[in-house]
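Enquirer: This one is entry.txt, compact mmCIF, C-alpha atoms.
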```txt
# COMPACT_ATOMS: atom_id res chain seq x y z
CA LYS W 1 -1.45 -57.87 -15.70
CA GLY W 2 -1.88 -54.23 -16.71
CA HIS W 3 0.83 -54.48 -19.35
CA TYR W 4 0.50 -57.98 -20.79
CA THR W 5 -2.88 -59.61 -20.11
CA GLU W 6 -5.85 -57.36 -19.31
CA GLY W 7 -4.17 -54.18 -20.53
CA ALA W 8 -3.38 -55.77 -23.90
CA GLU W 9 -7.08 -56.59 -24.37
CA LEU W 10 -8.24 -53.06 -23.52
CA ILE W 11 -5.54 -51.07 -25.29
CA ASP W 12 -7.21 -51.01 -28.73
CA SER W 13 -10.38 -49.36 -27.46
CA VAL W 14 -8.27 -46.82 -25.54
CA LEU W 15 -6.24 -46.06 -28.65
CA ASP W 16 -9.46 -45.47 -30.63
CA VAL W 17 -10.40 -42.71 -28.19
CA VAL W 18 -6.88 -41.23 -28.45
CA ARG W 19 -7.04 -41.29 -32.26
CA LYS W 20 -10.40 -39.49 -32.30
CA GLU W 21 -9.04 -36.77 -30.01
CA ALA W 22 -5.85 -36.46 -32.07
CA GLU W 23 -7.81 -36.17 -35.33
CA SER W 24 -9.86 -33.28 -33.96
CA CYS W 25 -6.68 -31.25 -33.25
CA ASP W 26 -5.48 -28.51 -35.63
CA CYS W 27 -1.85 -28.83 -34.64
CA LEU W 28 -1.12 -31.67 -32.24
CA GLN W 29 1.86 -30.83 -30.02
CA GLY W 30 1.99 -34.02 -28.00
CA PHE W 31 0.42 -36.14 -25.30
CA GLN W 32 0.28 -35.73 -21.54
CA ILE W 33 -0.27 -38.82 -19.43
CA THR W 34 -0.86 -38.79 -15.69
CA HIS W 35 -0.28 -42.10 -13.94
CA SER W 36 1.26 -43.60 -10.85
CA LEU W 37 4.17 -46.02 -10.97
CA GLY W 38 3.18 -47.84 -7.78
CA GLY W 39 -0.14 -49.38 -8.86
CA GLY W 40 -0.69 -51.95 -11.59
CA THR W 41 -2.84 -49.93 -14.01
CA GLY W 42 -0.78 -46.74 -14.10
CA SER W 43 2.52 -48.54 -14.43
CA GLY W 44 1.45 -51.49 -16.59
CA MET W 45 -1.29 -50.18 -18.84
CA GLY W 46 0.07 -46.62 -18.67
CA THR W 47 3.43 -47.62 -20.13
CA LEU W 48 1.74 -49.90 -22.69
CA LEU W 49 -0.35 -46.93 -23.84
CA ILE W 50 2.79 -44.77 -24.03
CA SER W 51 4.60 -47.30 -26.22
CA LYS W 52 1.57 -47.72 -28.53
CA ILE W 53 1.11 -43.94 -28.91
CA ARG W 54 4.84 -43.73 -29.61
CA GLU W 55 4.43 -46.19 -32.50
CA GLU W 56 1.57 -44.22 -34.04
CA TYR W 57 2.86 -40.68 -33.40
CA PRO W 58 6.66 -40.98 -33.28
CA ASP W 59 7.24 -37.26 -33.92
CA ARG W 60 4.94 -35.91 -31.17
CA ILE W 61 6.08 -35.07 -27.65
CA MET W 62 5.20 -37.61 -24.95
CA CYS W 63 5.07 -35.95 -21.55
CA THR W 64 4.16 -37.94 -18.43
CA TYR W 65 3.35 -36.91 -14.87
CA SER W 66 4.45 -39.94 -12.92
CA VAL W 67 3.69 -40.41 -9.23
CA CYS W 68 6.72 -42.32 -7.98
CA PRO W 69 6.55 -44.59 -4.92
CA SER W 70 8.23 -43.21 -1.80
CA PRO W 71 9.40 -45.18 1.26
CA LYS W 72 7.25 -43.32 3.82
CA VAL W 73 3.96 -43.18 1.90
CA SER W 74 3.30 -46.64 0.49
CA ASP W 75 0.00 -48.38 -0.15
CA THR W 76 0.98 -51.47 -2.15
CA VAL W 77 3.47 -54.22 -1.36
CA VAL W 78 4.60 -54.61 -4.97
CA GLU W 79 5.28 -50.89 -5.60
CA PRO W 80 9.05 -51.45 -6.12
CA TYR W 81 8.40 -54.09 -8.82
CA ASN W 82 5.82 -51.97 -10.65
CA ALA W 83 8.05 -48.89 -10.54
CA THR W 84 11.20 -50.71 -11.67
CA LEU W 85 9.45 -52.31 -14.63
CA SER W 86 7.76 -49.09 -15.73
CA VAL W 87 10.81 -46.80 -15.39
CA HIS W 88 12.47 -48.84 -18.14
CA GLN W 89 9.52 -48.08 -20.44
CA LEU W 90 9.61 -44.38 -19.52
CA VAL W 91 13.33 -44.18 -20.31
CA GLU W 92 12.74 -45.66 -23.76
CA ASN W 93 9.39 -44.21 -24.85
CA ALA W 94 8.72 -40.91 -23.05
CA ASP W 95 10.23 -37.51 -23.94
CA GLU W 96 9.63 -35.75 -20.61
CA VAL W 97 8.83 -37.36 -17.26
CA MET W 98 7.75 -35.08 -14.40
CA CYS W 99 8.48 -36.95 -11.18
CA LEU W 100 5.98 -36.41 -8.37
CA ASP W 101 5.59 -38.26 -5.11
CA ASN W 102 2.98 -38.29 -2.40
CA GLU W 103 5.52 -37.95 0.40
CA ALA W 104 6.73 -34.58 -0.88
CA LEU W 105 3.16 -33.41 -1.52
CA TYR W 106 2.10 -34.39 2.01
CA ASP W 107 5.17 -32.55 3.38
CA ILE W 108 4.16 -29.39 1.50
CA CYS W 109 0.63 -29.67 2.94
CA PHE W 110 1.91 -30.17 6.50
CA ARG W 111 4.83 -27.75 6.58
CA THR W 112 3.96 -24.97 4.19
CA LEU W 113 0.17 -24.97 3.99
CA LYS W 114 -0.25 -25.98 7.68
CA LEU W 115 -2.99 -28.48 6.87
CA THR W 116 -3.43 -31.04 9.66
CA THR W 117 -5.29 -33.69 7.63
CA PRO W 118 -4.53 -33.22 3.93
CA THR W 119 -6.83 -35.08 1.53
CA TYR W 120 -6.06 -36.30 -1.99
CA GLY W 121 -7.94 -33.20 -3.14
CA ASP W 122 -5.27 -31.02 -1.49
CA LEU W 123 -2.47 -33.05 -3.10
CA ASN W 124 -4.20 -32.87 -6.49
CA HIS W 125 -4.54 -29.10 -6.11
CA LEU W 126 -0.73 -28.81 -5.87
CA VAL W 127 -0.13 -31.05 -8.88
CA CYS W 128 -2.80 -29.18 -10.89
CA ALA W 129 -1.04 -25.88 -10.23
CA ALA W 130 2.22 -27.31 -11.57
CA MET W 131 0.61 -28.99 -14.60
CA SER W 132 -1.27 -25.83 -15.46
CA GLY W 133 1.97 -23.82 -15.23
CA ILE W 134 3.82 -26.15 -17.60
CA THR W 135 1.21 -25.88 -20.37
CA THR W 136 0.24 -22.26 -19.73
CA CYS W 137 2.18 -20.89 -22.72
CA LEU W 138 0.21 -23.13 -25.08
CA ARG W 139 -3.07 -21.68 -23.82
CA PHE W 140 -2.40 -18.01 -23.07
CA PRO W 141 -0.46 -15.16 -24.69
CA GLY W 142 2.94 -14.28 -23.23
CA GLN W 143 6.02 -12.13 -23.73
CA LEU W 144 8.38 -15.10 -23.91
CA ASN W 145 6.60 -18.27 -24.98
CA SER W 146 7.53 -21.87 -24.43
CA ASP W 147 5.90 -25.19 -25.26
CA LEU W 148 6.48 -28.88 -24.58
CA ARG W 149 9.03 -29.18 -27.39
CA LYS W 150 11.01 -26.10 -26.32
CA LEU W 151 10.99 -27.48 -22.79
CA ALA W 152 12.45 -30.77 -24.03
CA VAL W 153 15.07 -29.05 -26.20
CA ASN W 154 16.25 -26.85 -23.33
CA LEU W 155 16.10 -29.34 -20.47
CA ILE W 156 17.40 -32.61 -21.90
CA PRO W 157 21.19 -32.82 -22.35
CA PHE W 158 21.12 -36.54 -23.28
CA PRO W 159 18.00 -38.27 -24.67
CA ARG W 160 17.62 -40.76 -21.81
CA LEU W 161 18.05 -38.12 -19.08
CA HIS W 162 14.53 -36.73 -19.23
CA PHE W 163 13.32 -37.06 -15.62
CA PHE W 164 12.43 -33.66 -14.14
CA MET W 165 11.69 -32.35 -10.67
CA ILE W 166 8.97 -29.72 -10.30
CA GLY W 167 9.15 -26.77 -7.93
CA PHE W 168 6.16 -24.40 -7.70
CA ALA W 169 5.79 -21.00 -6.03
CA PRO W 170 3.85 -19.51 -4.33
CA LEU W 171 2.32 -22.51 -2.57
CA THR W 172 -1.25 -21.75 -1.49
CA SER W 173 -3.95 -24.10 -0.23
CA ARG W 174 -7.26 -24.76 -1.99
CA GLY W 175 -9.74 -21.90 -1.91
CA SER W 176 -7.41 -19.50 -0.10
CA GLN W 177 -6.46 -16.11 -1.51
CA GLN W 178 -2.85 -15.02 -1.59
CA TYR W 179 -2.44 -12.33 1.02
CA ARG W 180 0.52 -10.52 -0.51
CA ALA W 181 1.98 -10.35 -3.98
CA LEU W 182 5.45 -11.86 -4.22
CA THR W 183 8.26 -10.26 -6.19
CA VAL W 184 10.21 -11.96 -8.97
CA PRO W 185 13.30 -12.51 -6.74
CA GLU W 186 11.12 -14.12 -4.04
CA LEU W 187 9.42 -16.41 -6.57
CA THR W 188 12.79 -17.42 -8.02
CA GLN W 189 14.25 -18.16 -4.59
CA GLN W 190 11.17 -20.19 -3.59
CA GLN W 191 10.98 -22.35 -6.68
CA PHE W 192 14.55 -23.58 -6.19
CA ASP W 193 13.90 -24.25 -2.49
CA ALA W 194 13.90 -27.92 -1.44
CA LYS W 195 10.64 -27.34 0.50
CA ASN W 196 8.83 -26.46 -2.75
CA MET W 197 9.89 -29.57 -4.68
CA MET W 198 7.14 -32.00 -5.56
CA CYS W 199 9.33 -35.07 -5.25
CA ALA W 200 11.11 -36.04 -2.06
CA ALA W 201 14.66 -35.56 -3.32
CA ASP W 202 16.79 -32.78 -1.90
CA PRO W 203 18.30 -30.78 -4.78
CA ARG W 204 21.09 -29.61 -2.45
CA HIS W 205 22.51 -33.15 -2.39
CA GLY W 206 23.09 -33.16 -6.14
CA ARG W 207 23.62 -30.74 -9.01
CA TYR W 208 21.31 -29.30 -11.63
CA LEU W 209 22.09 -30.16 -15.24
CA THR W 210 19.47 -27.72 -16.55
CA ALA W 211 16.48 -25.77 -15.28
CA ALA W 212 13.44 -24.09 -16.84
CA CYS W 213 11.58 -21.29 -15.05
CA MET W 214 8.07 -20.46 -16.21
CA PHE W 215 6.78 -17.19 -14.79
CA ARG W 216 3.10 -16.21 -14.91
CA GLY W 217 1.70 -12.73 -14.35
CA ARG W 218 2.56 -9.13 -15.23
CA MET W 219 6.30 -8.64 -14.86
CA SER W 220 9.22 -7.29 -16.83
CA THR W 221 11.35 -9.74 -18.78
CA LYS W 222 14.38 -7.67 -17.78
CA GLU W 223 13.75 -8.53 -14.13
CA VAL W 224 13.32 -12.21 -15.00
CA ASP W 225 16.59 -12.27 -16.96
CA GLU W 226 18.41 -10.55 -14.10
CA GLN W 227 17.13 -13.16 -11.65
CA MET W 228 18.18 -16.02 -13.92
CA LEU W 229 21.72 -14.59 -14.07
CA ASN W 230 21.64 -14.04 -10.34
CA VAL W 231 20.69 -17.68 -9.66
CA GLN W 232 23.48 -18.94 -11.88
CA ASN W 233 26.08 -16.67 -10.29
CA LYS W 234 25.04 -17.15 -6.65
CA ASN W 235 24.38 -20.89 -6.82
CA SER W 236 27.02 -21.80 -9.38
CA SER W 237 28.16 -24.76 -7.24
CA TYR W 238 24.70 -26.36 -7.71
CA PHE W 239 24.88 -26.22 -11.52
CA VAL W 240 27.21 -28.36 -13.61
CA GLU W 241 29.95 -26.31 -15.22
CA TRP W 242 29.96 -28.20 -18.53
CA ILE W 243 26.55 -26.79 -19.60
CA PRO W 244 26.82 -22.98 -19.68
CA ASN W 245 23.63 -20.83 -19.59
CA ASN W 246 21.60 -23.81 -18.46
CA ILE W 247 18.50 -21.96 -17.20
CA LYS W 248 15.65 -21.31 -19.62
CA ALA W 249 13.01 -18.73 -18.73
CA SER W 250 9.56 -18.10 -20.17
CA VAL W 251 6.95 -15.50 -19.25
CA CYS W 252 3.17 -15.84 -19.67
CA ASP W 253 0.96 -12.79 -19.07
CA ILE W 254 -1.98 -14.57 -17.42
CA PRO W 255 -1.45 -15.60 -13.77
CA PRO W 256 -3.28 -18.54 -12.12
CA LYS W 257 -6.70 -17.83 -10.58
CA GLY W 258 -6.37 -16.03 -7.25
CA LEU W 259 -2.68 -15.15 -7.68
CA LYS W 260 -0.91 -12.08 -9.06
CA MET W 261 2.23 -13.99 -10.07
CA SER W 262 3.51 -17.55 -9.96
CA THR W 263 6.40 -19.64 -11.24
```
Rewrite the coordinates I just gave you, this time as structure tokens.

Expert:
Amino acid sequence: KGHYTEGAELIDSVLDVVRKEAESCDCLQGFQITHSLGGGTGSGMGTLLISKIREEYPDRIMCTYSVCPSPKVSDTVVEPYNATLSVHQLVENADEVMCLDNEALYDICFRTLKLTTPTYGDLNHLVCAAMSGITTCLRFPGQLNSDLRKLAVNLIPFPRLHFFMIGFAPLTSRGSQQYRALTVPELTQQQFDAKNMMCAADPRHGRYLTAACMFRGRMSTKEVDEQMLNVQNKNSSYFVEWIPNNIKASVCDIPPKGLKMST
């Protein structure tokens, strides 16, 4: 329905809005789409929009934040069908897909933030922090910049393998102030921790092909580089050996609101 019948009728008016926004840009880097793969609109109309934007702007980056269905947190019977049909579209038409799922976000709220009844606002707060971190270098000055294209170049070994997991540190709940500033080694250790991952897949059960670490706040690039080497040396069994130097780092000077540093 979202992809073929009702979505097809609405898509032209949506594309008009997209075109107007694109025309008012000085230098368009790409598009970011947030959608869920479990419902009909996000998976059906979302992927239709992605393929249409792809036709019009083939040389721009298409980055999606996709909320994947998880077995424990399910609200629709047909989630598996919607997800299966839309993943095919994401493989073909997206450049970067950030996989999120509600189960992992609820786990972070329960275990790390100690919230007894997390709301969607709390889950959105976590996703916002990650989304803001990914685009921070486009918006603020930094010592070592990165953008959506650099991210794609450094993270994607084969064109169709562009599904990423997000880990964020430090995890703080909405409206709370961080009570102590973390060091670069602590941030690095936390962001690779399974408890900080925003999709319910344990990284310890597989291996990393590549990783990108985006640090925010006042810190020395020397310390960041040392930590990147340290991660590769200490956890070498978790990284594939056929891609050497497979961690990219970037540093932005402006930290998120209420924090001294984040990654």

Enquirer: Need to verify the contact set: Arg218 in chain W, 8 Å, only C-alpha atoms, exclusion of same-chain residues closer than 6 positions in sequence. Can you return it as a list of chain:residue names?

Expert: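 Counting only C-alpha atoms, the residues come to W:Asp253, W:Ile254, W:Pro255, W:Lys260, W:Met261.
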
Enquirer: Between W:Arg19, W:Thr41, W:Ser173, W:Pro256, which one has atoms that come closest to Thr112 in chain W, using all atoms listed in the file?

Expert: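 Closest residue, counting all atoms listed in the file: W:Ser173.
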
Enquirer: Compile a residue-level contact table for range 135-188 of chain W against range 228-245 of chain W at a cut-off of 10 Å, reporting for every qualifying residue the shortest atom pair and its distance in Å to one decimal, with all atoms listed in the file counted, rows ordered by chain and ascending number, as CSV.

Expert:
```
residue,atom,partner,partner_atom,distance
W:Pro157,CA,W:Ile243,CA,8.5
W:Pro185,CA,W:Asn230,CA,9.2
W:Thr188,CA,W:Val231,CA,8.1
```

Enquirer: Quick one: everything within 9 Å of Leu28 in chain W, counting only C-alpha atoms, minus sequence neighbours fewer than 5 positions away in the same chain. Send it as a VMD selection string.

Expert: chain W and resid 22 to 23 60

Enquirer: Identify the residues within 6 Å of coordinate (8.5, -39.1, -8.9) (same frame as the file), considering only C-alpha atoms, and give the answer as a PDB file with C-alpha atoms, keeping the file's coordinate frame.

Expert:
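So the final result, stored in result-v6.pdb, reads:
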```pdb
ATOM      1  CA  SER W  66       4.450 -39.940 -12.920  1.00  0.00           C
ATOM      2  CA  VAL W  67       3.690 -40.410  -9.230  1.00  0.00           C
ATOM      3  CA  CYS W  68       6.720 -42.320  -7.980  1.00  0.00           C
ATOM      4  CA  CYS W  99       8.480 -36.950 -11.180  1.00  0.00           C
ATOM      5  CA  LEU W 100       5.980 -36.410  -8.370  1.00  0.00           C
ATOM      6  CA  ASP W 101       5.590 -38.260  -5.110  1.00  0.00           C
ATOM      7  CA  CYS W 199       9.330 -35.070  -5.250  1.00  0.00           C
TER       8      CYS W 199
END
```

Enquirer: Find the spatial neighbours of Thr135 in chain W, counting all atoms listed in the file, within a cut-off of 9 Å - ignore same-chain residues fewer than 5 positions away - and output them as an MDAnalysis selection string.

Expert: chainID W and resid 130 146:148

Enquirer: Next, the residues of the selection above should be written as a CSV table (one decimal), keeping the file's coordinate frame with C-alpha atoms.

Expert:
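Done, and the output landed in part_28.csv:
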```csv
chain,number,residue,atom,x,y,z
W,130,ALA,CA,2.2,-27.3,-11.6
W,146,SER,CA,7.5,-21.9,-24.4
W,147,ASP,CA,5.9,-25.2,-25.3
W,148,LEU,CA,6.5,-28.9,-24.6
```

Enquirer: Have a look at CA of Val14 in chain W and CA of Gly121 in chain W and let me know their distance in Å, one decimal.

Expert: 26.2 Å

Enquirer: Hey, which of W:Phe140, W:Tyr65, W:Phe163, W:Phe192 ends up closest to Arg216 in chain W? Count all atoms listed in the file.

Expert: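 Smallest separation from Arg216 in chain W among the options: W:Phe140.
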
Enquirer: Kindly give the distance, in Å, that separates CA of Leu171 in chain W and CA of Asn246 in chain W, rounded to a single decimal.

Expert: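 Between CA of Leu171 in chain W and CA of Asn246 in chain W the gap is 25.0 Å.
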
Enquirer: Would you pick out the contacts of Phe215 in chain W at 8 Å or less, using all atoms listed in the file, so that residues sharing its chain but fewer than 3 positions from it are not included, and give the list as a list in words?

Expert: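 Contacts, in chain order: Ala249, Ser250, Val251, Cys252, Met261, Ser262 and Thr263 of chain W.
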
Enquirer: In terms of the shortest atom-to-atom distance over all atoms listed in the file, which of W:Ala129, W:Val91, W:Leu123, W:Cys25 is closest to Ile108 in chain W?

Expert: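 Nearest to Ile108 in chain W: W:Leu123.
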
Enquirer: Go through W:Gly133, W:Pro58, W:Gly38, W:Gly7 one by one, measure the shortest atom-to-atom distance of each to Asn102 in chain W using only C-alpha atoms, and give the residue with the smallest value.

Expert: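 Comparing W:Gly133, W:Pro58, W:Gly38, W:Gly7 against Asn102 in chain W, the winner is W:Gly38.
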